[in-house]
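Below is my_file_19.txt, which holds compact mmCIF, C-alpha atoms.
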```
# COMPACT_ATOMS: atom_id res chain seq x y z
CA MET F 1 -99.38 -22.54 -43.11
CA ASN F 2 -101.89 -23.35 -40.41
CA LEU F 3 -100.57 -25.72 -37.72
CA ILE F 4 -102.89 -27.88 -35.61
CA ILE F 5 -101.48 -30.09 -32.83
CA THR F 6 -103.78 -32.82 -31.56
CA LYS F 7 -103.67 -34.97 -28.45
CA ASP F 8 -103.67 -38.23 -30.41
CA TYR F 9 -104.17 -39.93 -33.78
CA GLU F 10 -107.95 -40.11 -33.43
CA GLU F 11 -108.23 -36.35 -32.99
CA LEU F 12 -105.82 -35.85 -35.89
CA SER F 13 -108.09 -37.91 -38.16
CA ALA F 14 -111.18 -36.05 -36.94
CA LYS F 15 -109.62 -32.62 -37.57
CA ALA F 16 -108.64 -33.67 -41.08
CA TYR F 17 -112.13 -34.95 -41.77
CA GLU F 18 -113.70 -31.68 -40.60
CA ILE F 19 -111.88 -29.92 -43.42
CA VAL F 20 -112.63 -32.57 -46.03
CA LYS F 21 -116.32 -32.82 -45.08
CA LYS F 22 -116.79 -29.05 -45.30
CA ILE F 23 -115.37 -29.11 -48.84
CA LEU F 24 -117.58 -32.05 -49.86
CA LEU F 25 -120.75 -30.44 -48.50
CA GLU F 26 -119.99 -27.14 -50.21
CA LYS F 27 -118.92 -28.81 -53.46
CA PRO F 28 -120.45 -32.28 -54.04
CA ASP F 29 -118.44 -32.70 -57.25
CA ALA F 30 -115.11 -31.91 -55.57
CA THR F 31 -111.84 -33.36 -56.77
CA LEU F 32 -109.80 -35.03 -54.04
CA GLY F 33 -106.08 -35.68 -53.98
CA LEU F 34 -105.50 -38.84 -51.96
CA ALA F 35 -102.57 -40.50 -50.24
CA THR F 36 -101.73 -44.01 -49.11
CA GLY F 37 -99.83 -45.26 -46.08
CA SER F 38 -101.07 -45.78 -42.55
CA THR F 39 -101.54 -42.12 -41.58
CA PRO F 40 -104.67 -41.28 -43.63
CA VAL F 41 -106.48 -44.54 -42.80
CA GLY F 42 -108.29 -42.96 -39.84
CA LEU F 43 -109.50 -40.15 -42.08
CA TYR F 44 -110.73 -42.65 -44.67
CA LYS F 45 -112.66 -44.58 -42.01
CA LEU F 46 -114.48 -41.38 -41.04
CA MET F 47 -115.22 -40.61 -44.68
CA ALA F 48 -116.65 -44.10 -45.18
CA ALA F 49 -118.73 -43.98 -41.99
CA ASP F 50 -120.38 -40.70 -42.94
CA CYS F 51 -121.08 -41.96 -46.44
CA LYS F 52 -122.73 -45.09 -45.01
CA LYS F 53 -124.93 -42.86 -42.84
CA GLY F 54 -125.93 -40.85 -45.91
CA GLU F 55 -124.39 -37.61 -44.68
CA VAL F 56 -121.89 -37.32 -47.54
CA SER F 57 -121.98 -38.69 -51.08
CA TYR F 58 -119.09 -39.33 -53.47
CA LYS F 59 -121.22 -40.04 -56.56
CA ASN F 60 -119.93 -36.93 -58.34
CA VAL F 61 -116.45 -36.85 -56.76
CA LYS F 62 -113.22 -37.50 -58.65
CA SER F 63 -109.94 -38.50 -57.06
CA TYR F 64 -106.27 -38.52 -57.99
CA ASN F 65 -103.73 -40.45 -55.96
CA LEU F 66 -100.19 -39.32 -55.35
CA ASP F 67 -98.28 -42.42 -56.37
CA GLU F 68 -97.97 -46.10 -57.17
CA TYR F 69 -95.18 -48.66 -57.02
CA VAL F 70 -93.57 -49.54 -60.33
CA GLY F 71 -94.51 -53.11 -61.19
CA LEU F 72 -97.66 -53.26 -59.04
CA GLY F 73 -101.27 -52.69 -60.05
CA VAL F 74 -104.85 -53.94 -59.84
CA GLY F 75 -105.00 -57.36 -58.26
CA ASP F 76 -101.77 -57.06 -56.24
CA GLU F 77 -102.70 -56.59 -52.60
CA GLN F 78 -99.58 -54.46 -51.98
CA SER F 79 -100.38 -52.02 -54.79
CA TYR F 80 -101.71 -48.61 -53.91
CA VAL F 81 -104.77 -49.06 -56.13
CA GLU F 82 -105.76 -52.08 -54.01
CA PHE F 83 -104.91 -50.19 -50.81
CA MET F 84 -107.32 -47.43 -51.83
CA ARG F 85 -110.08 -49.88 -52.70
CA LYS F 86 -109.66 -51.75 -49.42
CA ASN F 87 -109.45 -48.68 -47.21
CA LEU F 88 -111.80 -46.24 -48.96
CA PHE F 89 -113.22 -46.80 -52.43
CA ASN F 90 -115.06 -50.05 -51.61
CA HIS F 91 -116.77 -48.34 -48.67
CA ILE F 92 -118.10 -45.19 -50.35
CA ASP F 93 -120.39 -44.55 -53.32
CA ILE F 94 -117.65 -43.31 -55.65
CA ASP F 95 -117.56 -44.49 -59.27
CA LEU F 96 -114.25 -46.32 -59.73
CA LYS F 97 -114.05 -44.74 -63.19
CA ASN F 98 -113.60 -41.43 -61.39
CA THR F 99 -110.64 -42.68 -59.35
CA HIS F 100 -107.18 -42.24 -60.79
CA LEU F 101 -103.69 -43.48 -59.89
CA PRO F 102 -100.43 -43.52 -61.84
CA ASP F 103 -100.11 -46.70 -63.90
CA GLY F 104 -97.35 -48.73 -62.28
CA MET F 105 -97.79 -51.53 -64.82
CA ASP F 106 -97.19 -49.52 -67.97
CA ALA F 107 -94.32 -50.93 -70.05
CA ASP F 108 -93.27 -47.35 -70.87
CA MET F 109 -92.92 -45.50 -67.58
CA GLN F 110 -92.20 -42.14 -69.19
CA LYS F 111 -95.44 -42.37 -71.14
CA ALA F 112 -97.22 -43.24 -67.91
CA CYS F 113 -95.75 -40.10 -66.29
CA ASP F 114 -96.69 -37.92 -69.26
CA ARG F 115 -100.22 -39.30 -69.29
CA TYR F 116 -100.71 -38.63 -65.57
CA ASN F 117 -99.30 -35.12 -65.88
CA GLU F 118 -101.80 -34.43 -68.66
CA MET F 119 -104.63 -35.69 -66.48
CA LEU F 120 -103.51 -33.48 -63.60
CA ALA F 121 -103.18 -30.46 -65.88
CA ASN F 122 -106.87 -30.87 -66.75
CA ALA F 123 -107.97 -31.33 -63.14
CA GLU F 124 -108.23 -28.89 -60.26
CA ILE F 125 -107.69 -30.67 -56.97
CA ASP F 126 -109.77 -29.05 -54.26
CA VAL F 127 -107.92 -30.65 -51.36
CA GLN F 128 -104.74 -32.73 -51.42
CA ILE F 129 -104.14 -35.14 -48.55
CA LEU F 130 -100.47 -35.77 -47.70
CA GLY F 131 -98.46 -37.75 -45.22
CA ILE F 132 -94.83 -37.03 -44.47
CA GLY F 133 -91.95 -39.46 -44.57
CA GLY F 134 -89.39 -39.79 -41.81
CA ASN F 135 -86.93 -38.01 -44.10
CA GLY F 136 -89.36 -35.24 -44.99
CA HIS F 137 -90.57 -36.67 -48.27
CA ILE F 138 -94.07 -35.97 -49.59
CA ALA F 139 -95.56 -38.55 -51.93
CA PHE F 140 -92.38 -40.28 -53.13
CA ASN F 141 -90.50 -37.01 -53.63
CA GLU F 142 -87.34 -37.82 -51.74
CA PRO F 143 -84.90 -35.22 -50.34
CA GLY F 144 -83.17 -33.44 -53.20
CA THR F 145 -86.20 -33.53 -55.51
CA SER F 146 -86.73 -30.25 -57.34
CA PHE F 147 -89.60 -28.12 -56.15
CA ASP F 148 -90.46 -27.72 -59.86
CA SER F 149 -90.80 -31.48 -60.44
CA VAL F 150 -93.87 -33.04 -62.05
CA THR F 151 -94.88 -36.72 -62.23
CA HIS F 152 -91.73 -38.83 -62.47
CA ILE F 153 -90.09 -42.15 -61.66
CA VAL F 154 -88.28 -42.36 -58.33
CA ASN F 155 -85.59 -44.68 -57.03
CA LEU F 156 -86.71 -45.13 -53.44
CA THR F 157 -84.19 -44.44 -50.72
CA GLU F 158 -83.09 -47.12 -48.28
CA LYS F 159 -84.99 -45.37 -45.46
CA THR F 160 -88.23 -45.24 -47.44
CA ILE F 161 -87.90 -48.91 -48.35
CA GLU F 162 -87.31 -49.73 -44.67
CA ASP F 163 -90.29 -47.60 -43.61
CA ASN F 164 -92.58 -49.35 -46.09
CA ALA F 165 -91.33 -52.86 -45.35
CA ARG F 166 -93.98 -53.22 -42.61
CA PHE F 167 -96.60 -53.56 -45.35
CA PHE F 168 -94.80 -56.52 -46.97
CA ASP F 169 -93.85 -60.03 -45.84
CA SER F 170 -90.17 -59.11 -46.17
CA ILE F 171 -88.08 -56.07 -47.05
CA ASP F 172 -86.91 -57.89 -50.17
CA GLU F 173 -90.45 -57.67 -51.55
CA VAL F 174 -90.63 -53.87 -51.33
CA PRO F 175 -90.38 -52.32 -54.80
CA THR F 176 -87.37 -50.08 -55.30
CA LYS F 177 -89.07 -47.71 -57.75
CA ALA F 178 -92.29 -45.75 -57.76
CA ILE F 179 -94.15 -43.34 -60.02
CA THR F 180 -95.15 -40.20 -58.16
CA MET F 181 -96.75 -36.82 -58.59
CA GLY F 182 -94.07 -34.17 -58.48
CA ILE F 183 -93.92 -31.34 -55.98
CA ALA F 184 -95.26 -28.84 -58.53
CA ASN F 185 -98.30 -31.09 -59.10
CA ILE F 186 -98.94 -31.20 -55.35
CA MET F 187 -98.55 -27.46 -54.89
CA ALA F 188 -101.14 -26.82 -57.63
CA ALA F 189 -103.94 -28.06 -55.34
CA LYS F 190 -106.31 -25.40 -54.04
CA SER F 191 -105.77 -26.59 -50.48
CA ILE F 192 -103.50 -29.11 -48.78
CA ILE F 193 -103.77 -31.13 -45.57
CA ILE F 194 -100.56 -32.75 -44.36
CA LEU F 195 -100.80 -35.33 -41.60
CA ALA F 196 -98.09 -36.55 -39.22
CA SER F 197 -98.46 -39.07 -36.41
CA GLY F 198 -95.94 -40.63 -34.06
CA ALA F 199 -92.57 -39.80 -32.54
CA ASN F 200 -90.77 -41.26 -35.56
CA LYS F 201 -92.01 -38.27 -37.56
CA ALA F 202 -90.85 -35.62 -35.08
CA ASP F 203 -87.59 -34.72 -36.86
CA ALA F 204 -89.35 -34.46 -40.21
CA VAL F 205 -92.11 -32.32 -38.74
CA PHE F 206 -89.57 -29.96 -37.18
CA ALA F 207 -87.69 -29.63 -40.47
CA ALA F 208 -90.91 -29.04 -42.39
CA VAL F 209 -92.38 -26.49 -39.99
CA LYS F 210 -89.36 -24.65 -38.60
CA GLY F 211 -86.39 -25.61 -40.75
CA LYS F 212 -85.09 -23.93 -43.87
CA ILE F 213 -87.37 -24.10 -46.91
CA ASP F 214 -85.06 -26.29 -48.89
CA GLU F 215 -85.17 -29.32 -51.18
CA SER F 216 -83.37 -31.32 -48.47
CA CYS F 217 -86.81 -31.44 -46.82
CA PRO F 218 -89.43 -31.59 -49.57
CA ALA F 219 -92.30 -30.97 -47.12
CA SER F 220 -90.83 -27.57 -46.20
CA ILE F 221 -92.18 -26.09 -49.47
CA LEU F 222 -95.71 -26.48 -48.10
CA ARG F 223 -95.09 -23.41 -45.92
CA THR F 224 -95.30 -21.32 -49.10
CA HIS F 225 -98.72 -22.66 -50.10
CA LYS F 226 -101.60 -20.21 -49.69
CA ASN F 227 -103.91 -22.74 -48.03
CA ALA F 228 -102.03 -25.54 -46.29
CA THR F 229 -102.93 -27.08 -42.94
CA PHE F 230 -100.39 -29.21 -41.06
CA ILE F 231 -102.05 -31.53 -38.54
CA ALA F 232 -99.68 -33.36 -36.19
CA ASP F 233 -100.36 -35.34 -33.07
CA ILE F 234 -98.48 -34.43 -29.91
CA GLU F 235 -95.79 -37.06 -30.46
CA ALA F 236 -95.07 -35.96 -34.02
CA ALA F 237 -95.00 -32.32 -32.85
CA SER F 238 -92.79 -33.04 -29.82
CA LYS F 239 -89.73 -31.20 -31.19
CA LEU F 240 -91.50 -28.02 -32.26
```
How does the structure come out when it is put into structure tokens?
Amino acid sequence: MNLIITKDYEELSAKAYEIVKKILLEKPDATLGLATGSTPVGLYKLMAADCKKGEVSYKNVKSYNLDEYVGLGVGDEQSYVEFMRKNLFNHIDIDLKNTHLPDGMDADMQKACDRYNEMLANAEIDVQILGIGGNGHIAFNEPGTSFDSVTHIVNLTEKTIEDNARFFDSIDEVPTKAITMGIANIMAAKSIIILASGANKADAVFAAVKGKIDESCPASILRTHKNATFIADIEAASKL
């Protein structure tokens, strides 16, 4: 795994975009794996800015997101589909029909998981963007999740609920379940970029980069991927 340590969040976003832009220019019909949360927002702003300038087009690009809250969907401002539209899709020339997220509103969650797994099996993600949770989770794969897992329903841990409460009016509004790509789905991507920013991620970054490759830290498995790049700002990398 390639490790890049940046001086700040802005440089982190720029380094990530360098990789993404190179892929898009070489393959205009690339398939992107996308993430939500605050960490990739800087990357998405750079993607949108270049698209507006005409330097990159997303007309032939497809995307697959990592996860969605159970019970939230289109029209709910806290849903991940609306997050993606607000922070990226509405600012680039991508066809929304080519954007895909797990269906958090499906009455049959297992069918929703099976359907997303089938979609992923028929897609080849060129680059998967990831953040890392304070407990080492990737997507919503919490500690203890099997490295062989595919798309599944997750009961969110108390720490993850607390971490995500900043996006809601109160912690009581944070959903307690999510539908997420599994670790095996993530590892199937041709390349992976994992982003970490801030001192609150330092323990997780240390465990992922230098700890034991173990399901207690889901992100540690990324060290076995043939083309993974871990980009951390100096605060997130402070314990390495």
Compile the contact shell of Val56 (chain F) as a PyMOL selection string: residues with an atom at most 9 Å away, counting all atoms listed in the file, same-chain residues fewer than 6 positions apart removed.
-> chain F and resi 21+24-25+28+47-48+50
Given the choices F:Thr180, F:Asn98, F:Thr224, F:Ser63, which gets closest to Asn2 (chain F) if the distance is worked out from all atoms listed in the file?
->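 Smallest distance to Asn2 (chain F) is found for F:Thr224.
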Within 12 Å of (-95.9, -38.6, -65.1), in the coordinates the file gives, what residues turn up when you count all atoms listed in the file, written out as a PyMOL selection string?
-> chain F and resi 66-68+101-104+106+108-121+149-154+178-185
Nearest residue to Ala14 (chain F) from the set F:Ala237, F:Ala232, F:Ser146, F:Val74 (distances using only C-alpha atoms) =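 Nearest to Ala14 (chain F): F:Ala232.
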Give the centre and edge lengths of an axis-aligned box, in Å to one decimal, that holds all listed atoms of region 162-181 of chain F with 4 Å on each side, as lines of an AutoDock Vina configuration file.
```
center_x = -91.8
center_y = -48.4
center_z = -51.3
size_x = 17.8
size_y = 31.2
size_z = 25.4
```
Which neighbours of Tyr17 (chain F) fall inside 12 Å, counting only C-alpha atoms, when residues of the same chain fewer than 5 positions from it are skipped, and could you give them as a PDB file with C-alpha atoms, keeping the file's coordinate frame?
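Okay, this is what ended up in out-v4.pdb:
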```pdb
ATOM      1  CA  GLU F  10    -107.950 -40.110 -33.430  1.00  0.00           C
ATOM      2  CA  GLU F  11    -108.230 -36.350 -32.990  1.00  0.00           C
ATOM      3  CA  LEU F  12    -105.820 -35.850 -35.890  1.00  0.00           C
ATOM      4  CA  LYS F  22    -116.790 -29.050 -45.300  1.00  0.00           C
ATOM      5  CA  ILE F  23    -115.370 -29.110 -48.840  1.00  0.00           C
ATOM      6  CA  LEU F  24    -117.580 -32.050 -49.860  1.00  0.00           C
ATOM      7  CA  LEU F  25    -120.750 -30.440 -48.500  1.00  0.00           C
ATOM      8  CA  PRO F  40    -104.670 -41.280 -43.630  1.00  0.00           C
ATOM      9  CA  VAL F  41    -106.480 -44.540 -42.800  1.00  0.00           C
ATOM     10  CA  GLY F  42    -108.290 -42.960 -39.840  1.00  0.00           C
ATOM     11  CA  LEU F  43    -109.500 -40.150 -42.080  1.00  0.00           C
ATOM     12  CA  TYR F  44    -110.730 -42.650 -44.670  1.00  0.00           C
ATOM     13  CA  LYS F  45    -112.660 -44.580 -42.010  1.00  0.00           C
ATOM     14  CA  LEU F  46    -114.480 -41.380 -41.040  1.00  0.00           C
ATOM     15  CA  MET F  47    -115.220 -40.610 -44.680  1.00  0.00           C
ATOM     16  CA  ALA F  48    -116.650 -44.100 -45.180  1.00  0.00           C
ATOM     17  CA  ALA F  49    -118.730 -43.980 -41.990  1.00  0.00           C
ATOM     18  CA  ASP F  50    -120.380 -40.700 -42.940  1.00  0.00           C
ATOM     19  CA  VAL F  56    -121.890 -37.320 -47.540  1.00  0.00           C
ATOM     20  CA  VAL F 127    -107.920 -30.650 -51.360  1.00  0.00           C
ATOM     21  CA  ILE F 129    -104.140 -35.140 -48.550  1.00  0.00           C
ATOM     22  CA  ILE F 193    -103.770 -31.130 -45.570  1.00  0.00           C
ATOM     23  CA  LEU F 195    -100.800 -35.330 -41.600  1.00  0.00           C
ATOM     24  CA  ILE F 231    -102.050 -31.530 -38.540  1.00  0.00           C
TER      25      ILE F 231
END
```
Please provide as a PyMOL selection string all residues within 9 Å of Glu215 (chain F), with the sequence filter that same-chain residues fewer than 5 positions apart are discarded (counting all atoms listed in the file).
-> chain F and resi 142-147+220-221
Determine, counting only C-alpha atoms, which protein, DNA and RNA residues have an atom within 9 Å of an atom of Gly131 (chain F); residues of the same chain fewer than 5 positions away are not included. Present the result as a ChimeraX atom specification.
-> /F:35-40,137-139,193-197
For Ile19 (chain F), the closest of F:Ile192, F:Asp214, F:Ala204, F:Asn155 counting all atoms listed in the file is F:Ile192
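If you measure from each of F:Lys212, F:Lys201, F:Lys15, F:Lys7 to Lys239 (chain F) using only C-alpha atoms, the closest one turns out to be F:Lys201.
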Quick one: residues within 10 Å of Glu162 (chain F), only C-alpha atoms counted, chain neighbours fewer than 6 positions away excluded, as a ChimeraX atom specification?
-> /F:156,170-172,174
Length of the CA of Ser216 (chain F) to CA of Ser238 (chain F) vector [Å] =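 These atoms are spaced 21.0 Å apart.
Minimum atom-to-atom distance to Val205 (chain F), evaluated using all atoms listed in the file, belongs to F:Arg223 out of F:Arg223, F:Arg166, F:Lys97, F:Lys190.
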Which of F:Thr229, F:Phe206, F:His100, F:Ala236 sits closest to Glu18 (chain F) [using only C-alpha atoms] = F:Thr229
Gap from CA of Ala208 (chain F) to CA of Gln128 (chain F) - Å, one decimal |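 Going from CA of Ala208 (chain F) over to CA of Gln128 (chain F), I get 16.9 Å.
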